[in-house]
Amino acid sequence: MKAFLLGTSLLLAGCSSMDTNLAGTGSQTGNTVVSGLVLDSRSNPEAGVLVRIRPLTWTDSLAPAPVTEPCIKDTVTDSEGRYRFDGLYAGSYRIEARQGSLASILSIKLGPDSSVAPVSSLSKTASLTGEIHINDTTRSGRIEIYGVARALTLPGTGHEVHFRLDSLPPGVHILRVWSPLLGRATMELPVALFPDSTTAISDEQWSREPKGPEDD
C-alpha cells in the first residue's frame with residue numbers, strides 16, 4: 001500500500017479552517033505560487049477549465065471552507081489554458097482540473113517562497129463502484145477522497161451498501177470512510193482509476209486501520 005500513498009510530512013500550516021491534523025512545518029509566509037497550464041487530449045491549451053487546489057489531507061468533512069483560505073482555492077483557466085494560485089503555504093497539494101466529461105488530477109509538493117509550473121492533461125473521467133459493510137459507527141457516514149471535493153453519504157440503516165461514484169479524475173486516489181459518531185476516519189483504501197472506465201472494489205479491500213496519506 002505504501003506505493004500508493006503520498007506525503008504528509010509536509011503538512012500545511014496556516015490553514016485555519018481545517019482540522020488540527022493539518023498543523024505542520026510548512027512556511028508561514030504564504031509566498032508560494034502555482035502557475036499552471038491545462039491541456040486537452042490533443043495537447044492544446046484549454047480555456048475555461050475549472051481548477052481546484054486542495055491540501056493533500058483535505059476532504060469534504062472539513063468543508064465548508066472558504067476558497068479564500070490560503071490552502072483552498074478555485075479558479076478558471078484563461079484563453080491560453082493558464083491559471084495561477086498565489087499566497088500558498090509550503091506543503092503537499094492536489095490540483096484537480098475539470099471541464100464537462102474531462103478531468104485530471106496531480107499531486108505536488110511546494111517549498112516555502114517558491115514558484116512551480118505544473119502541466120495537467122485532461123482525459124475522460126472515471127467511475128468507481130464498490131461494496132462496503134457498515135455498522136453503528138459508519139452509518140450516515142461519508143465515503144470521501146483525500147484532496148478531491150467529492151463525497152458520498154452512506155445510509156443510516158442496513159449493513160451491506162453498494163455505491164457508485166462517477167465523473168472522477170483518473171489517477172490514484174485514497175478513499176476513506178468518515179464516522180460521524182467517532183469524528184474520525186475508520187476505513188481507508190487506495191484505488192487506481194483509469195480514463196473512461198469503471199473500477200470495482202470489494203469490502204475485503206478496505207483497511208480498518210486508516211493512516212491517511214503518507215510518504216511513499
# chains A, B, ... in the order shown; residues from 1 in each chain; ligands from 1
$ residues_around --residues "Ser179 of chain A" --least-positions-apart "2" --cutoff "9 Å" --atoms "only C-alpha atoms" --output "list in words"
Thr137, Thr138, Arg139, Ser140, Gly141, Arg142, Val177, Leu181, Leu182, Gly183, Arg184, Ala185 and Thr186 of chain A
$ write_last_selection --atoms "N, CA and C atoms" --output "PDB file, in the first residue's frame"
ATOM      1  N   THR A 137     -20.987   2.638  13.784  1.00  0.00           N
ATOM      2  CA  THR A 137     -20.037   3.749  13.734  1.00  0.00           C
ATOM      3  C   THR A 137     -19.963   4.400  12.357  1.00  0.00           C
ATOM      4  N   THR A 138     -20.371   3.685  11.321  1.00  0.00           N
ATOM      5  CA  THR A 138     -20.235   4.238   9.973  1.00  0.00           C
ATOM      6  C   THR A 138     -21.561   4.571   9.297  1.00  0.00           C
ATOM      7  N   ARG A 139     -22.686   4.183   9.888  1.00  0.00           N
ATOM      8  CA  ARG A 139     -23.972   4.547   9.297  1.00  0.00           C
ATOM      9  C   ARG A 139     -24.116   6.071   9.264  1.00  0.00           C
ATOM     10  N   SER A 140     -24.637   6.573   8.169  1.00  0.00           N
ATOM     11  CA  SER A 140     -24.758   8.016   7.915  1.00  0.00           C
ATOM     12  C   SER A 140     -23.399   8.703   7.828  1.00  0.00           C
ATOM     13  N   GLY A 141     -22.349   7.903   7.645  1.00  0.00           N
ATOM     14  CA  GLY A 141     -21.019   8.457   7.443  1.00  0.00           C
ATOM     15  C   GLY A 141     -20.797   8.849   5.989  1.00  0.00           C
ATOM     16  N   ARG A 142     -19.542   9.058   5.630  1.00  0.00           N
ATOM     17  CA  ARG A 142     -19.242   9.536   4.287  1.00  0.00           C
ATOM     18  C   ARG A 142     -18.049   8.793   3.703  1.00  0.00           C
ATOM     19  N   VAL A 177     -13.535   6.331   4.851  1.00  0.00           N
ATOM     20  CA  VAL A 177     -14.879   6.382   5.407  1.00  0.00           C
ATOM     21  C   VAL A 177     -14.820   7.191   6.692  1.00  0.00           C
ATOM     22  N   LEU A 181     -20.081   9.366  14.213  1.00  0.00           N
ATOM     23  CA  LEU A 181     -20.165   9.005  15.628  1.00  0.00           C
ATOM     24  C   LEU A 181     -18.824   9.197  16.328  1.00  0.00           C
ATOM     25  N   LEU A 182     -17.753   8.782  15.659  1.00  0.00           N
ATOM     26  CA  LEU A 182     -16.425   8.852  16.263  1.00  0.00           C
ATOM     27  C   LEU A 182     -15.675  10.132  15.897  1.00  0.00           C
ATOM     28  N   GLY A 183     -16.147  10.818  14.859  1.00  0.00           N
ATOM     29  CA  GLY A 183     -15.482  12.043  14.441  1.00  0.00           C
ATOM     30  C   GLY A 183     -14.118  11.817  13.826  1.00  0.00           C
ATOM     31  N   ARG A 184     -13.940  10.685  13.151  1.00  0.00           N
ATOM     32  CA  ARG A 184     -12.660  10.369  12.502  1.00  0.00           C
ATOM     33  C   ARG A 184     -12.880   9.335  11.419  1.00  0.00           C
ATOM     34  N   ALA A 185     -11.829   9.117  10.626  1.00  0.00           N
ATOM     35  CA  ALA A 185     -11.881   8.072   9.613  1.00  0.00           C
ATOM     36  C   ALA A 185     -11.728   6.705  10.265  1.00  0.00           C
ATOM     37  N   THR A 186     -12.497   5.733   9.771  1.00  0.00           N
ATOM     38  CA  THR A 186     -12.422   4.377  10.318  1.00  0.00           C
ATOM     39  C   THR A 186     -12.005   3.339   9.284  1.00  0.00           C
TER      40      THR A 186
END
$ closest_atom_pairs --of "segment 134-174 of chain A" --to "segment 206-211 of chain A" --cutoff "12 Å" --atoms "only C-alpha atoms" --output "Markdown table"
| residue | atom | partner | partner_atom | distance |
| --- | --- | --- | --- | --- |
| A:Ile134 | CA | A:Trp206 | CA | 11.6 |
| A:Thr138 | CA | A:Arg208 | CA | 11.7 |
| A:Ile143 | CA | A:Trp206 | CA | 11.6 |
| A:Tyr146 | CA | A:Lys211 | CA | 11.8 |
| A:Ile174 | CA | A:Pro210 | CA | 10.2 |
$ atom_distance --atom1 "atom CA of Ser61 of chain A" --atom2 "atom CA of Pro190 of chain A"
18.3 Å
$ closest_residue --among "A:Pro213, A:Gly111, A:Pro195, A:Pro169" --to "Val51 of chain A" --atoms "only C-alpha atoms"
A:Pro169
$ closest_residue --among "A:Leu56, A:Leu189, A:Val33, A:Val116" --to "Gly87 of chain A" --atoms "only C-alpha atoms"
A:Val33
$ atom_distance --atom1 "atom CA of Asp78 of chain A" --atom2 "atom CA of Ala47 of chain A"
5.3 Å
$ closest_residue --among "A:Leu128, A:Ile145, A:Leu122, A:Leu102" --to "Arg42 of chain A" --atoms "only C-alpha atoms"
A:Leu122
$ atom_distance --atom1 "atom CA of Ala200 of chain A" --atom2 "atom CA of Ser120 of chain A"
25.7 Å
$ select_by_dssp --residues "chain A" --states "strand (DSSP E)" --output "PyMOL selection string"
chain A and resi 32-39+50-55+73-76+82-88+91-99+102-110+115-116+119-121+123-124+126-133+142-145+148-153+160-168+171-179+184-193+198-201
$ write_last_selection --atoms "C-alpha atoms" --output "short mmCIF file (atom, residue, chain, number, x, y, z; two decimals), in the first residue's frame"
data_model
loop_
_atom_site.label_atom_id
_atom_site.label_comp_id
_atom_site.auth_asym_id
_atom_site.auth_seq_id
_atom_site.Cartn_x
_atom_site.Cartn_y
_atom_site.Cartn_z
CA THR A 32 4.47 30.11 -2.76
CA VAL A 33 2.94 30.42 -6.25
CA VAL A 34 1.49 27.77 -8.58
CA SER A 35 1.26 28.97 -12.18
CA GLY A 36 -0.02 26.04 -14.23
CA LEU A 37 -1.20 25.03 -17.68
CA VAL A 38 -4.10 22.76 -18.67
CA LEU A 39 -4.02 20.90 -21.99
CA LEU A 50 -12.29 24.80 -13.51
CA VAL A 51 -9.12 24.24 -11.46
CA ARG A 52 -9.17 23.46 -7.75
CA ILE A 53 -6.24 23.22 -5.36
CA ARG A 54 -6.63 21.45 -2.02
CA PRO A 55 -4.19 20.18 0.63
CA LYS A 73 -8.69 27.92 -3.87
CA ASP A 74 -10.63 27.63 -7.13
CA THR A 75 -10.02 29.39 -10.44
CA VAL A 76 -10.65 29.07 -14.19
CA ARG A 82 -3.22 29.04 -17.85
CA TYR A 83 -4.13 29.51 -14.20
CA ARG A 84 -2.42 30.89 -11.13
CA PHE A 85 -2.69 30.40 -7.37
CA ASP A 86 -0.89 32.93 -5.18
CA GLY A 87 -0.22 33.05 -1.46
CA LEU A 88 0.08 29.30 -0.84
CA GLY A 91 3.19 21.58 1.70
CA SER A 92 1.60 18.80 -0.32
CA TYR A 93 -1.39 19.53 -2.54
CA ARG A 94 -3.69 18.01 -5.14
CA ILE A 95 -4.72 20.01 -8.19
CA GLU A 96 -7.93 18.95 -9.92
CA ALA A 97 -8.89 20.30 -13.35
CA ARG A 98 -12.36 19.67 -14.75
CA GLN A 99 -14.36 20.55 -17.85
CA LEU A 102 -12.90 15.57 -18.93
CA ALA A 103 -10.72 15.86 -15.84
CA SER A 104 -7.23 15.48 -14.47
CA ILE A 105 -5.57 15.24 -11.06
CA LEU A 106 -1.97 15.72 -10.00
CA SER A 107 -0.11 15.88 -6.70
CA ILE A 108 2.61 18.43 -5.99
CA LYS A 109 4.90 19.35 -3.11
CA LEU A 110 5.61 23.03 -2.64
CA SER A 115 7.16 29.00 -7.73
CA VAL A 116 6.09 25.89 -9.65
CA VAL A 119 1.07 20.91 -16.57
CA SER A 120 -2.22 18.99 -16.50
CA SER A 121 -3.59 16.94 -19.41
CA SER A 123 -8.75 12.90 -20.19
CA LYS A 124 -12.09 11.13 -19.91
CA ALA A 126 -13.57 7.53 -14.49
CA SER A 127 -16.16 5.75 -12.36
CA LEU A 128 -15.86 3.77 -9.14
CA THR A 129 -18.24 1.11 -7.86
CA GLY A 130 -17.93 -0.89 -4.71
CA GLU A 131 -19.40 -2.54 -1.68
CA ILE A 132 -18.87 -1.87 1.98
CA HIS A 133 -20.27 -3.37 5.18
CA ARG A 142 -19.24 9.54 4.29
CA ILE A 143 -17.01 7.97 1.66
CA GLU A 144 -14.51 10.68 0.74
CA ILE A 145 -11.38 11.16 -1.37
CA VAL A 148 -10.68 15.95 -4.00
CA ALA A 149 -14.01 17.73 -3.44
CA ARG A 150 -16.18 14.62 -3.78
CA ALA A 151 -18.09 12.63 -1.17
CA LEU A 152 -20.91 10.09 -0.85
CA THR A 153 -23.15 9.84 2.22
CA GLU A 160 -24.19 -4.01 3.17
CA VAL A 161 -24.02 -1.00 0.86
CA HIS A 162 -23.32 -0.89 -2.85
CA PHE A 163 -22.17 2.51 -4.06
CA ARG A 164 -21.08 4.32 -7.21
CA LEU A 165 -19.10 7.50 -7.83
CA ASP A 166 -18.98 8.93 -11.36
CA SER A 167 -17.07 11.73 -13.08
CA LEU A 168 -13.88 11.19 -11.07
CA GLY A 171 -5.36 8.61 -11.21
CA VAL A 172 -4.50 7.06 -7.86
CA HIS A 173 -6.79 8.17 -5.04
CA ILE A 174 -7.08 7.32 -1.36
CA LEU A 175 -10.65 6.80 -0.19
CA ARG A 176 -11.71 7.00 3.41
CA VAL A 177 -14.88 6.38 5.41
CA TRP A 178 -15.64 9.16 7.89
CA SER A 179 -17.56 8.20 11.01
CA ARG A 184 -12.66 10.37 12.50
CA ALA A 185 -11.88 8.07 9.61
CA THR A 186 -12.42 4.38 10.32
CA MET A 187 -11.62 2.78 6.92
CA GLU A 188 -9.29 3.59 4.07
CA LEU A 189 -8.43 2.29 0.62
CA PRO A 190 -6.03 3.33 -2.18
CA VAL A 191 -7.53 2.83 -5.63
CA ALA A 192 -6.33 3.44 -9.20
CA LEU A 193 -8.87 4.87 -11.65
CA THR A 198 -15.05 1.75 -14.14
CA THR A 199 -13.05 0.32 -11.24
CA ALA A 200 -14.81 -2.08 -8.85
CA ILE A 201 -13.75 -2.65 -5.25
#
$ closest_residue --among "A:Pro112, A:Pro180, A:Gly147, A:Asp203" --to "Thr59 of chain A" --atoms "only C-alpha atoms"
A:Gly147
